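Below is one structure; the comments refer to it alone.
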Amino acid sequence: MDSTTLLYDYQDRIALALSFDYGSNHNARELPFAALHCQRLGIEHIVIPLSFMGKYFKSSLLQGADAIPEGHYEDENMRSTVVPFRNGIMLSIAVGMAESRGLGYVMMANHGGDHTIYPDCTPEFVHAFDQAAEAGTFVKVHLLSPYTNLTKGEIARRGKEIGIDYAETWSCYKGGEHHCGRCGTCVERKEALAEAGIEDPTEYEL
């Protein structure tokens with residue numbers, strides 16, 4: 001939901017969109033939607049394989065649907081879904097792509113709800129990474145994360161304003177045929193759509 005909203009919200013300044021296939025349960029569900037939206041907007045889309053993460057990193061997100069805990073993001077057990085330094089790794093690749101193409105910015109769609117358990121989504125991380133990207137590139141690449149201090153509900157409200165169909169997005173960490181409706185990201189999805197006054201178009205498991 002967040003990345004798709006960012007894609008449409010800032011489409012006029014996006015030259016390239018990157019997706020990462022890193023072995024998560026839900027990669028296969030997310031990637032086709034990413035391709036769909038980029039094609040619709042005429043934005044080049046590249047999928048970068050990061051299979052080493054699924055092989056060497058420890059996270060329930062990489063261990064199959066049965067490993068995904070259920071409950072709210074604020075619950076302690078949801079920490080198991082953290083993929084260590086995932087955003088740092090992906091953003092580093094994005095910065096390299098940006099410099100290779102002479103682009104001055106990379107963007108990510110982290111938000112305020114992520115701060116609870118994901119350290120590489122916090123304002124402190126964003127600030128530090130922005131400084132590192134600027135210092136480590138000739139073109140002085142900067143990180144833009146316009147949703148850092150927004151709630152997911154506020155992002156959904158923005159999506160509603162610009163006409164995004166959230167049926168064409170995927171959230172569930174389990175990556176099944178339908179959203180499970182019980183994992184942290186499904187719970188957060190439901191809450192965000194309700195907060196934004198959007199009738200939930202998601203197909204959930206019975």
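Going through the structure tokens in order, the chains are called A, B, and so on, while each chain numbers its residues from 1 and the ligands are numbered from 1 in the order shown.
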message = Can you pull out the residues contacting region 129-141 of chain A? Cut-off 10 Å, using only C-alpha atoms, and skip same-chain residues under 4 positions away; I want them as a count of residues only.
response = 20
Region 75-164 of chain A near region 188-196 of chain A within 12 Å: what's each residue's closest atom pair and its distance in Å to one decimal, counting only C-alpha atoms, ordered by chain then ascending residue number, as a Markdown table?
| residue | atom | partner | partner_atom | distance |
| --- | --- | --- | --- | --- |
| A:His111 | CA | A:Ala192 | CA | 11.9 |
| A:Gly112 | CA | A:Glu188 | CA | 11.9 |
| A:Gly113 | CA | A:Glu188 | CA | 8.6 |
| A:Asp114 | CA | A:Glu188 | CA | 10.3 |
| A:Leu150 | CA | A:Ala192 | CA | 11.3 |
| A:Thr151 | CA | A:Ala192 | CA | 8.0 |
| A:Lys152 | CA | A:Ala192 | CA | 5.5 |
| A:Gly153 | CA | A:Ala192 | CA | 3.8 |
| A:Glu154 | CA | A:Ala196 | CA | 6.8 |
| A:Ile155 | CA | A:Ala192 | CA | 8.1 |
| A:Ala156 | CA | A:Ala196 | CA | 5.8 |
| A:Arg157 | CA | A:Ala196 | CA | 4.6 |
| A:Arg158 | CA | A:Ala196 | CA | 8.4 |
| A:Gly159 | CA | A:Ala196 | CA | 9.0 |
| A:Lys160 | CA | A:Ala196 | CA | 7.5 |
| A:Glu161 | CA | A:Ala196 | CA | 9.9 |
| A:Ile164 | CA | A:Leu193 | CA | 11.8 |
Next, write the just-selected residues to a file, as a PDB file, in the first residue's frame, keeping N, CA, C and O atoms as the atom set.
ATOM      1  N   HIS A 111       6.869   4.531   7.070  1.00  0.00           N
ATOM      2  CA  HIS A 111       5.890   5.405   7.709  1.00  0.00           C
ATOM      3  C   HIS A 111       5.977   5.284   9.221  1.00  0.00           C
ATOM      4  O   HIS A 111       6.725   4.453   9.760  1.00  0.00           O
ATOM      5  N   GLY A 112       5.208   6.111   9.920  1.00  0.00           N
ATOM      6  CA  GLY A 112       5.292   6.191  11.365  1.00  0.00           C
ATOM      7  C   GLY A 112       4.997   4.891  12.078  1.00  0.00           C
ATOM      8  O   GLY A 112       5.588   4.597  13.119  1.00  0.00           O
ATOM      9  N   GLY A 113       4.118   4.058  11.543  1.00  0.00           N
ATOM     10  CA  GLY A 113       3.789   2.793  12.175  1.00  0.00           C
ATOM     11  C   GLY A 113       4.928   1.801  12.153  1.00  0.00           C
ATOM     12  O   GLY A 113       4.983   0.882  12.968  1.00  0.00           O
ATOM     13  N   ASP A 114       5.861   1.973  11.200  1.00  0.00           N
ATOM     14  CA  ASP A 114       7.010   1.082  11.100  1.00  0.00           C
ATOM     15  C   ASP A 114       7.990   1.257  12.245  1.00  0.00           C
ATOM     16  O   ASP A 114       8.774   0.358  12.558  1.00  0.00           O
ATOM     17  N   LEU A 150       4.087  10.009   8.892  1.00  0.00           N
ATOM     18  CA  LEU A 150       2.658   9.793   8.669  1.00  0.00           C
ATOM     19  C   LEU A 150       2.258   8.418   9.179  1.00  0.00           C
ATOM     20  O   LEU A 150       3.065   7.496   9.242  1.00  0.00           O
ATOM     21  N   THR A 151       0.990   8.272   9.530  1.00  0.00           N
ATOM     22  CA  THR A 151       0.467   6.946   9.844  1.00  0.00           C
ATOM     23  C   THR A 151       0.076   6.258   8.540  1.00  0.00           C
ATOM     24  O   THR A 151      -0.079   6.900   7.496  1.00  0.00           O
ATOM     25  N   LYS A 152      -0.101   4.949   8.599  1.00  0.00           N
ATOM     26  CA  LYS A 152      -0.538   4.233   7.413  1.00  0.00           C
ATOM     27  C   LYS A 152      -1.940   4.692   7.007  1.00  0.00           C
ATOM     28  O   LYS A 152      -2.267   4.725   5.823  1.00  0.00           O
ATOM     29  N   GLY A 153      -2.760   5.063   7.999  1.00  0.00           N
ATOM     30  CA  GLY A 153      -4.084   5.586   7.694  1.00  0.00           C
ATOM     31  C   GLY A 153      -4.015   6.894   6.913  1.00  0.00           C
ATOM     32  O   GLY A 153      -4.806   7.128   5.996  1.00  0.00           O
ATOM     33  N   GLU A 154      -3.065   7.745   7.263  1.00  0.00           N
ATOM     34  CA  GLU A 154      -2.888   9.005   6.533  1.00  0.00           C
ATOM     35  C   GLU A 154      -2.397   8.755   5.117  1.00  0.00           C
ATOM     36  O   GLU A 154      -2.792   9.463   4.172  1.00  0.00           O
ATOM     37  N   ILE A 155      -1.565   7.740   4.958  1.00  0.00           N
ATOM     38  CA  ILE A 155      -1.117   7.372   3.605  1.00  0.00           C
ATOM     39  C   ILE A 155      -2.295   6.858   2.790  1.00  0.00           C
ATOM     40  O   ILE A 155      -2.467   7.215   1.623  1.00  0.00           O
ATOM     41  N   ALA A 156      -3.123   6.024   3.402  1.00  0.00           N
ATOM     42  CA  ALA A 156      -4.302   5.507   2.713  1.00  0.00           C
ATOM     43  C   ALA A 156      -5.258   6.635   2.336  1.00  0.00           C
ATOM     44  O   ALA A 156      -5.866   6.620   1.258  1.00  0.00           O
ATOM     45  N   ARG A 157      -5.355   7.626   3.208  1.00  0.00           N
ATOM     46  CA  ARG A 157      -6.206   8.777   2.906  1.00  0.00           C
ATOM     47  C   ARG A 157      -5.680   9.536   1.679  1.00  0.00           C
ATOM     48  O   ARG A 157      -6.452   9.993   0.835  1.00  0.00           O
ATOM     49  N   ARG A 158      -4.365   9.650   1.588  1.00  0.00           N
ATOM     50  CA  ARG A 158      -3.751  10.282   0.418  1.00  0.00           C
ATOM     51  C   ARG A 158      -4.032   9.442  -0.827  1.00  0.00           C
ATOM     52  O   ARG A 158      -4.343   9.975  -1.896  1.00  0.00           O
ATOM     53  N   GLY A 159      -3.932   8.122  -0.679  1.00  0.00           N
ATOM     54  CA  GLY A 159      -4.238   7.247  -1.802  1.00  0.00           C
ATOM     55  C   GLY A 159      -5.673   7.386  -2.277  1.00  0.00           C
ATOM     56  O   GLY A 159      -5.955   7.345  -3.477  1.00  0.00           O
ATOM     57  N   LYS A 160      -6.574   7.551  -1.325  1.00  0.00           N
ATOM     58  CA  LYS A 160      -7.981   7.761  -1.669  1.00  0.00           C
ATOM     59  C   LYS A 160      -8.158   9.036  -2.469  1.00  0.00           C
ATOM     60  O   LYS A 160      -8.914   9.078  -3.447  1.00  0.00           O
ATOM     61  N   GLU A 161      -7.429  10.084  -2.072  1.00  0.00           N
ATOM     62  CA  GLU A 161      -7.520  11.382  -2.765  1.00  0.00           C
ATOM     63  C   GLU A 161      -7.080  11.282  -4.219  1.00  0.00           C
ATOM     64  O   GLU A 161      -7.635  11.958  -5.084  1.00  0.00           O
ATOM     65  N   ILE A 164      -6.319   5.681  -5.853  1.00  0.00           N
ATOM     66  CA  ILE A 164      -5.671   4.373  -5.902  1.00  0.00           C
ATOM     67  C   ILE A 164      -6.652   3.270  -5.512  1.00  0.00           C
ATOM     68  O   ILE A 164      -7.395   3.402  -4.545  1.00  0.00           O
TER      69      ILE A 164
END
inquiry  = Residues within 12 Å of Phe57 (chain A), please, as an NGL selection string. Count only C-alpha atoms; anything in the same chain fewer than 4 positions from it doesn't count.
reply    = :A and (22-24 or 50-53 or 61-63 or 80-86)
task = Based on DSSP run over this structure's backbone, return all residues of chain A in alpha helix (DSSP H), as an MDAnalysis selection string.
result = chainID A and resid 2:9 27:41 51:56 86:100 123:135 152:161 184:195
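The residue that comes closest to Leu6 (chain A), out of A:Gly42, A:Gly54, A:Pro146, A:Pro69 and on the basis of only C-alpha atoms, is A:Pro146.
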inquiry  = Can you measure CA of Arg79 (chain A) to CA of Gly184 (chain A) for me? One decimal in Å is fine.
reply    =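 Interatomic distance, CA of Arg79 (chain A) to CA of Gly184 (chain A): 10.3 Å.
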request  = as a VMD selection string, please: all residues of chain A that backbone DSSP puts in strand (DSSP E or B).
outcome  = chain A and resid 16 to 21 44 to 49 70 105 to 107 142 to 144 179 183 204
Output C-alpha atoms of each residue in that selection to a file, as a PDB file, in the first residue's frame.
ATOM      1  CA  LEU A  16      13.017   4.340 -12.160  1.00  0.00           C
ATOM      2  CA  ALA A  17      11.357   1.922  -9.741  1.00  0.00           C
ATOM      3  CA  LEU A  18      13.224  -0.925  -8.070  1.00  0.00           C
ATOM      4  CA  SER A  19      11.769  -4.086  -6.574  1.00  0.00           C
ATOM      5  CA  PHE A  20      13.832  -6.631  -4.675  1.00  0.00           C
ATOM      6  CA  ASP A  21      13.298 -10.381  -4.755  1.00  0.00           C
ATOM      7  CA  GLU A  44      10.801   1.712 -15.838  1.00  0.00           C
ATOM      8  CA  HIS A  45      10.733  -1.173 -13.362  1.00  0.00           C
ATOM      9  CA  ILE A  46      13.669  -3.402 -12.471  1.00  0.00           C
ATOM     10  CA  VAL A  47      13.564  -6.450 -10.186  1.00  0.00           C
ATOM     11  CA  ILE A  48      16.876  -7.075  -8.419  1.00  0.00           C
ATOM     12  CA  PRO A  49      17.489 -10.554  -6.958  1.00  0.00           C
ATOM     13  CA  GLU A  70      -0.288 -13.273  14.200  1.00  0.00           C
ATOM     14  CA  TYR A 105      17.472  11.053  -5.129  1.00  0.00           C
ATOM     15  CA  VAL A 106      16.202   7.708  -3.922  1.00  0.00           C
ATOM     16  CA  MET A 107      12.844   7.354  -2.222  1.00  0.00           C
ATOM     17  CA  HIS A 142      19.847  12.123  -1.107  1.00  0.00           C
ATOM     18  CA  LEU A 143      17.186   9.933   0.493  1.00  0.00           C
ATOM     19  CA  LEU A 144      13.610  11.192   0.411  1.00  0.00           C
ATOM     20  CA  HIS A 179      -4.622 -12.171   2.671  1.00  0.00           C
ATOM     21  CA  CYS A 183      -0.748 -11.142  10.713  1.00  0.00           C
ATOM     22  CA  TYR A 204      -9.247 -12.423   3.109  1.00  0.00           C
TER      23      TYR A 204
END
Minimum-distance residue to Glu199 (chain A), chosen among A:Leu31, A:Asn25, A:Ala167, A:Arg101 (using only C-alpha atoms) =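 Of A:Leu31, A:Asn25, A:Ala167, A:Arg101, the one nearest Glu199 (chain A) is A:Ala167, counting only C-alpha atoms.
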ask   = So which residues touch Tyr166 (chain A) within 8 Å, counting only C-alpha atoms, skipping near sequence neighbours fewer than 4 positions away, as a PyMOL selection string?
value = chain A and resi 1+201-202
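One finds CA of Gln11 (chain A) at 19.0 Å from CA of Glu30 (chain A).
Picture a line from CA of Ser60 (chain A) to CA of Asp2 (chain A); it runs 21.4 Å.
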